[in-house]
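Undergrad: I have a structure here, written as structure tokens, and I will follow up with some questions on it.
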Amino acid sequence: MQAVILAGGFGTRLRPLTYTRSKVLLPILNKPMIAYIIESLPENVERVIIAANYKKEQLEEFFDRNDFGKEIIINEEPKPLGTGGAVKFAEKYIEDRFLVLNSDIISSLDMKDMIRFHVNREAFVTISLWPVENVSEFGVVRIEDDGRITQFVEKPKPEDAPSNLINAGAYCMEKEALDYIESADRLISMEQEVFPRIIEDGKRFYGYKIEGFWIDVGRINSYIEVNKILLRRQGKRFLIGSNCEIRGDLENSSVGNNVEIGEESKVSSSVILDNAKIGKDVQIENSVIGEGCVIGDRAKIINSVIGDEEEIEEDKIVKDERIWTKPIPKGYPDKQIGNVIKV
Ligand code: GDD
Ligand code: MG
């Protein structure tokens with residue numbers, strides 16, 4: 001079996017962290033997001049196609065250094081093709097029934113069980129589902145008691161949402177589902193175009209509810225949250241990488257490798273990436289500190305993101321900000337594009 005991991009897109013909602021890296025290489029408890037996904041694949045998935053574009057060299061480098069015991073193909077799109085276009089572009093590597101996975105999700109989904117569910121129902125497409133209170137940033141389904149989905153609507157207005165069950169971003173598809181995606185020179189959204197088309201055509205389209213936990217890591221708050229949730233699940237208050245000098249206090253926080261934190265400093269609900277140097281009496285709360293940042297003594301960083309290699313002066317207060325002083329990478333979009341139809 002094959003799996004396509006949707007690892008393109010710019011990760012605009014995670015900027016400035018994604019100005020310098022592929023979203024899927026952002027570490028969660030010091031392990032890149034994509035590693036969690038690959039490790040959760042069933043054994044019978046022997047080939048993994050990484051649908052990539054932005055920063056794909058970083059992915060190549062990562063897979064050169066790390067072996068997951070599966071064939072890994074990095075399939076570079078000439079330009080972002082959208083969630084549907086990217087899957088179609090992987091067609092030549094797909095032999096039979098296959099999985100598609102959004103790469104910005106950490107969950108307890110049992111993919112083997114989802115495949116079993118799909119096979120038992122002789123489904124054409126099965127998508128994983130998760131209940132949320134506010135559905136407006138997700139794909140939402142109308143579902144029958146037997147699990148059959150009769151409507152899929154991406155990012156509906158709350159009053160138009162058919163239920164509180166959202167697309168959890170993992171699909172099992174028959175190879176023939178690729179016929180519903182035309183090869184095109186434009187962005188094709190799986191969620192906005194392809195799924196509604198398949199449902200309308202009366203194909204067997206099913207929903208499989210995830211048990212346990214599900215976290216979307218596509219936004220800064222949820223990125224911080226996922227680190228905290230996994231810490232809690234491991235019964236830890238914090239995690240410290242190798243070669244660190246930590247003199248301050250840590251609470252619900254994750255710290256990368258080669259990090260220094262000075263005396264009297266307090267870090268809570270935050271993620272500190274590799275090689276950061278944090279001075280004395282610094283307060284960091286609900287924030288992400290990028291790689292190689294230097295934070296001066298007595299600075300306060302609250303609800304903020306500091307991009308890689310940035311410097312924050314002594315005594316400075318940074319609140320509700322995203323700090324980035326260097327040029328923005330060429331071609332980086334102002335807003336989310338991959339899963340949105342451009343007309
Ligand atoms: N290769 C490639 N090319 N990948 C892409 C592209 C592209 O053009 N655009 C987006 N992606 C990847 C993203 O990196 C992500 O892993 C996945 O496709 C989904 O795109 P997002 O941009 O993260 O979409 P979203 O978070 O707004 O919504 C999606 O996820 C929700 C669950 O978190 C949709 O699938 C929703 O229906 C779903 O509820
Ligand atoms: Mg997302």
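Lettering and numbering for the structure tokens are positional, with chains as A, B, ... in the shown order, residues counted from 1 in each chain, and ligands counted from 1 in the shown order.
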Enumerate residues in contact with ligand 1: an atom-to-atom distance of at most 8 Å, counting only C-alpha atoms and all ligand atoms. Format the result as a PyMOL selection string.

TA: chain A and resi 5-11+23-24+50-53+76-77+79-83+85-87+101-105+137-140+154-155+166-169+187+190-191+215-218+336-339

Undergrad: Which residues are close to segment 40-43 of chain A, i.e. within 9 Å by only C-alpha atoms, leaving aside same-chain residues fewer than 6 positions away? Reply as a PyMOL selection string.

TA: chain A and resi 3+70+108-112

Undergrad: Find the residues near Lys31 of chain A: any atom within 12 Å, counting only C-alpha atoms, skip ones fewer than 2 places away on the same chain, and give them as an MDAnalysis selection string.

TA: chainID A and resid 24:29 33:39 62 66 227 230 239 241 254:257 273:274

Undergrad: Could you write those residues out with N, CA and C atoms, as an mmCIF file, in the first residue's frame?

TA:
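Done, and the output landed in result24.cif:
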data_model
loop_
_atom_site.group_PDB
_atom_site.id
_atom_site.type_symbol
_atom_site.label_atom_id
_atom_site.label_comp_id
_atom_site.auth_asym_id
_atom_site.auth_seq_id
_atom_site.Cartn_x
_atom_site.Cartn_y
_atom_site.Cartn_z
ATOM 1 N N VAL A 24 6.540 20.791 8.085
ATOM 2 C CA VAL A 24 6.558 19.429 8.639
ATOM 3 C C VAL A 24 7.854 19.099 9.363
ATOM 4 N N LEU A 25 8.829 19.990 9.266
ATOM 5 C CA LEU A 25 10.074 19.743 10.006
ATOM 6 C C LEU A 25 10.091 20.477 11.340
ATOM 7 N N LEU A 26 9.023 21.207 11.630
ATOM 8 C CA LEU A 26 8.936 21.844 12.951
ATOM 9 C C LEU A 26 8.931 20.751 14.012
ATOM 10 N N PRO A 27 9.795 20.885 15.007
ATOM 11 C CA PRO A 27 9.847 19.819 16.010
ATOM 12 C C PRO A 27 8.712 19.894 17.026
ATOM 13 N N ILE A 28 8.214 18.739 17.383
ATOM 14 C CA ILE A 28 7.279 18.624 18.503
ATOM 15 C C ILE A 28 7.993 17.727 19.503
ATOM 16 N N LEU A 29 8.221 18.227 20.692
ATOM 17 C CA LEU A 29 9.084 17.547 21.662
ATOM 18 C C LEU A 29 10.362 17.068 20.978
ATOM 19 N N MET A 33 7.618 16.966 13.069
ATOM 20 C CA MET A 33 6.223 16.572 12.887
ATOM 21 C C MET A 33 6.080 15.374 11.936
ATOM 22 N N ILE A 34 6.822 15.410 10.822
ATOM 23 C CA ILE A 34 6.636 14.376 9.806
ATOM 24 C C ILE A 34 7.067 12.997 10.326
ATOM 25 N N ALA A 35 7.977 12.977 11.275
ATOM 26 C CA ALA A 35 8.423 11.693 11.821
ATOM 27 C C ALA A 35 7.275 11.015 12.571
ATOM 28 N N TYR A 36 6.461 11.798 13.282
ATOM 29 C CA TYR A 36 5.312 11.214 13.994
ATOM 30 C C TYR A 36 4.376 10.543 12.991
ATOM 31 N N ILE A 37 4.167 11.219 11.866
ATOM 32 C CA ILE A 37 3.209 10.698 10.886
ATOM 33 C C ILE A 37 3.728 9.407 10.267
ATOM 34 N N ILE A 38 4.977 9.410 9.863
ATOM 35 C CA ILE A 38 5.534 8.219 9.212
ATOM 36 C C ILE A 38 5.569 7.049 10.191
ATOM 37 N N GLU A 39 5.895 7.340 11.440
ATOM 38 C CA GLU A 39 5.952 6.256 12.427
ATOM 39 C C GLU A 39 4.568 5.669 12.722
ATOM 40 N N PHE A 62 16.569 15.741 5.281
ATOM 41 C CA PHE A 62 16.063 15.024 6.451
ATOM 42 C C PHE A 62 15.973 13.518 6.183
ATOM 43 N N ASN A 66 17.699 10.197 7.907
ATOM 44 C CA ASN A 66 16.841 9.361 8.757
ATOM 45 C C ASN A 66 16.184 8.255 7.940
ATOM 46 N N ASN A 227 2.661 20.354 21.941
ATOM 47 C CA ASN A 227 3.830 20.051 22.770
ATOM 48 C C ASN A 227 3.406 19.799 24.219
ATOM 49 N N LEU A 230 1.418 16.409 24.564
ATOM 50 C CA LEU A 230 2.276 15.224 24.535
ATOM 51 C C LEU A 230 3.140 15.129 25.792
ATOM 52 N N LEU A 239 10.611 19.124 28.769
ATOM 53 C CA LEU A 239 11.580 18.277 28.075
ATOM 54 C C LEU A 239 12.787 19.145 27.756
ATOM 55 N N GLY A 241 16.463 19.125 25.609
ATOM 56 C CA GLY A 241 17.290 18.419 24.631
ATOM 57 C C GLY A 241 18.710 18.198 25.153
ATOM 58 N N SER A 254 8.928 22.823 26.155
ATOM 59 C CA SER A 254 9.869 21.933 25.499
ATOM 60 C C SER A 254 11.078 22.747 25.050
ATOM 61 N N VAL A 255 12.254 22.211 25.290
ATOM 62 C CA VAL A 255 13.488 22.936 25.001
ATOM 63 C C VAL A 255 14.348 22.068 24.077
ATOM 64 N N GLY A 256 14.847 22.662 22.997
ATOM 65 C CA GLY A 256 15.656 21.920 22.021
ATOM 66 C C GLY A 256 17.068 21.636 22.508
ATOM 67 N N ASN A 257 17.970 21.372 21.569
ATOM 68 C CA ASN A 257 19.362 21.062 21.908
ATOM 69 C C ASN A 257 20.191 22.344 21.983
ATOM 70 N N LEU A 273 13.400 26.493 20.577
ATOM 71 C CA LEU A 273 14.074 25.652 19.581
ATOM 72 C C LEU A 273 15.598 25.661 19.800
ATOM 73 N N ASP A 274 16.275 24.806 19.037
ATOM 74 C CA ASP A 274 17.722 24.581 19.216
ATOM 75 C C ASP A 274 18.540 25.878 19.253
#

Undergrad: So, counting only C-alpha atoms and all ligand atoms, which residue among A:Lys280, A:Ala170, A:Glu57, A:Lys209 is closest to ligand 2?

TA: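 Selected residue with least distance to ligand 2: A:Ala170.
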
Undergrad: To one decimal in Å, tell me the separation between atom CA of Thr18 of chain A and atom CA of Pro32 of chain A.

TA: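 Taking atom CA of Thr18 of chain A as the start and atom CA of Pro32 of chain A as the end point, the length is 13.2 Å.
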
Undergrad: Enumerate the residues of segment 14-43 of chain A with a DSSP assignment of helix (DSSP H, G or I), computed from the backbone, and present them as a list in words.

TA: Leu14, Leu17, Thr18, Tyr19, Lys23, Val24, Leu25, Met33, Ile34, Ala35, Tyr36, Ile37, Ile38 and Glu39 of chain A

Undergrad: Under the rule that only C-alpha atoms and all ligand atoms are counted, which of A:Ile127, A:Ala299, A:Ile220, A:Met173 is the nearest residue to ligand 2?

TA: A:Ile220

Undergrad: I'd like the contact shell of Thr325 of chain A - 10 Å cut-off, only C-alpha atoms, skipping same-chain residues fewer than 2 positions apart - returned as a PyMOL selection string.

TA: chain A and resi 16+306-307+309-311+322-323+327-328

Undergrad: Which residue gives the smallest distance to ligand 2 among A:Asp160, A:Asp185, A:Tyr223, A:Lys266, with only C-alpha atoms and all ligand atoms counted?

TA: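 With only C-alpha atoms and all ligand atoms as the atom set, the closest residue is A:Tyr223.
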
Undergrad: For the atom pair atom CA of Asp145 of chain A and atom CA of Ser163 of chain A, what is the interatomic distance in Å to one decimal place?

TA: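 Going from atom CA of Asp145 of chain A over to atom CA of Ser163 of chain A, I get 12.8 Å.
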
Undergrad: Looking only at strand (DSSP E or B) from DSSP on the backbone, list the matching residues of segment 168-331 of chain A as a ChimeraX atom specification.

TA: /A:168-173,205-209,214-216,238-240,245-246,249-251,253-255,260-261,266-268,271-272,277-278,283-285,288-289,294-295,300-302,305-306,311-312,317-319,322-323

Undergrad: I'd like to know which of A:Phe152, A:Ser136, A:Ile312, A:Glu174 is closest to Val119 of chain A, using only C-alpha atoms.

TA: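 Counting only C-alpha atoms, the residue closest to Val119 of chain A is A:Glu174.
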
Undergrad: What gap, in Å, lies between atom CA of Gln234 of chain A and atom CA of Glu251 of chain A?

TA: 14.1 Å

Undergrad: Quick one: residues within 10 Å of Asp201 of chain A, only C-alpha atoms counted, chain neighbours fewer than 5 positions away excluded, as JSON, numbers by chain?

TA: {"A": [180, 195, 196]}

Undergrad: So, counting only C-alpha atoms and all ligand atoms, which residue among A:Asp146, A:Val153, A:Arg219, A:Tyr19 is closest to ligand 2?

TA: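 Answer, going by the shortest atom-to-atom distance: A:Arg219.
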